[in-house]
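A short worksheet on the structure shown next.
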Amino acid sequence: MNQRRFLTVSAAAVVLLGAGVWLSIHREQQGGLGGGAVFPDLKPALGDVEEIRLSKGDGSRTTLRRGANGWTVVERQYPADGSRVRELVMNLVAMKVIEHKTSDPANYAKLGVEAPETPTAASTLLEVVAGKKTWSLIVGKGAEGRALYVRKPSEAVSELVEPSVVADPDQKRWVDRLIVDLPGANVHDISVQPASGPAYLLTRAKRGDANLSLSPIPKGRTAASTMSIDGQADALVAFNFDDLRPLPATAGAPGDRATYRTFDGQVLAFSGRRAEQKAYVTVSASHDAALAAQFAPPAAPAPAPASAAKPAAAPVATPPAAVVERLEARAKGVEYEIPVYKYEAIFKPQEELLEKKPEPAAAKKTQPTKKQ
């Protein structure tokens, strides 16, 4: 290689090296690539996070606020789903930059990172508050896999980041939708008074009985299969609502009523109504100490000697009285919208618990009289 060519190649290398250094510095000033955290100072402040705000340009908004008893959806004045809130915050802590994207405002809408100031904007403003510090992020459209387009309101450059976060300002998404999760085997009896039709009672005599018994049974009828009857006890397993609202001030016409009582003394009373293809219930909860005492489980065995190996600790169940207290506090003054199939499972009419009536015998055809 002659001297001139060597000098030319060396000069080009210096230029490229300088350009690389400049680009690296520029990227760092813009937020950084190569796995840089979007909010590097959020993790140390996790214990102080007190509020999360989600809002869109169309006016939809959710405020999540932490108090002594956990998180609340402020607009609904109802407990939030703590697991979803934790997932959101932890994903924000873990969020890293994959790649810089456009810094041209004309192209923001393609990624959904335009300012959320108009009803048509696809973006959502996410704000996390801890003390005097607020972390803000414009959340845009999802990308491939778990990635997401975002932009900090104070910066021009947008970024492709991961993991993704759910920044939906729909309040229904954030409320804790569980009403109760009651295993069917725990149910001692169910009394039902439909808005129309006869009342009835389903009962188990003692703990461990597999089947419920129906009473009364109308004269000339028989009870349906045990599968049909016992299924009503399972209606409160993973019983979630779709939405909720304050209880209407004016009471409507008397609706369906059902009361579930458990062997451990929980008493859950439901009052329901149907309107415009939707189903609604109100709930009241109480604890019947006498019922719990009547069916108290056998006493626990005496503890093993100190020298014996200790068995694995069993999970601690929530005391029935605490379950009742939690539900009574949440359900007071609230009407829940529930899935129609759940409503129909709770307030079954008695006819559905009876074998079908036999078909009436066909009338015998009279033979025409032959003329003599």
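Residues in the structure tokens are named by chain (A, B, ... in the order shown) and by number from 1 within that chain; ligands are numbered from 1 in the order shown.
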Residue contacts of region 221-226 of chain A (10 Å, only C-alpha atoms) excluding same-chain residues fewer than 3 positions away, as a PyMOL selection string:
chain A and resi 210-218+229-231+350-358
For Asn69 (chain A): contacts at 12 Å, only C-alpha atoms, fewer than 3 positions along chain excluded, given as a PyMOL selection string
chain A and resi 65-66+72+78-80+82+326+329
Could you save those same residues with C-alpha atoms as a PDB file, in the first residue's frame?
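Result file follows (again-v1.pdb):
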ATOM      1  CA  ARG A  65     -54.387   5.812  44.712  1.00  0.00           C
ATOM      2  CA  ARG A  66     -52.682   3.866  47.477  1.00  0.00           C
ATOM      3  CA  THR A  72     -58.385   2.288  45.156  1.00  0.00           C
ATOM      4  CA  TYR A  78     -63.846   0.973  44.939  1.00  0.00           C
ATOM      5  CA  PRO A  79     -60.805  -1.234  45.652  1.00  0.00           C
ATOM      6  CA  ALA A  80     -58.427  -1.752  42.746  1.00  0.00           C
ATOM      7  CA  GLY A  82     -53.673  -4.934  43.395  1.00  0.00           C
ATOM      8  CA  ARG A 326     -64.444  -7.546  53.405  1.00  0.00           C
ATOM      9  CA  ALA A 329     -67.580  -3.176  53.235  1.00  0.00           C
TER      10      ALA A 329
END
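Between Trp135 (chain A) and the residues A:Val89, A:Ala258, A:Ala345, A:Ala292, the shortest atom-to-atom distance, using only C-alpha atoms, involves A:Val89.
Comparing the minimum interatomic distances between Leu42 (chain A) and each of A:Val129, A:Val93, A:Leu291, A:Val139, counting only C-alpha atoms, we find that A:Val93 sits nearest.
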Could you pull out the residues in region 142-352 of chain A that DSSP calls helix (DSSP H, G or I) from the backbone, as an MDAnalysis selection string?
chainID A and resid 171:174 184:186 226:236 289:294 320:331 340:346 350:352
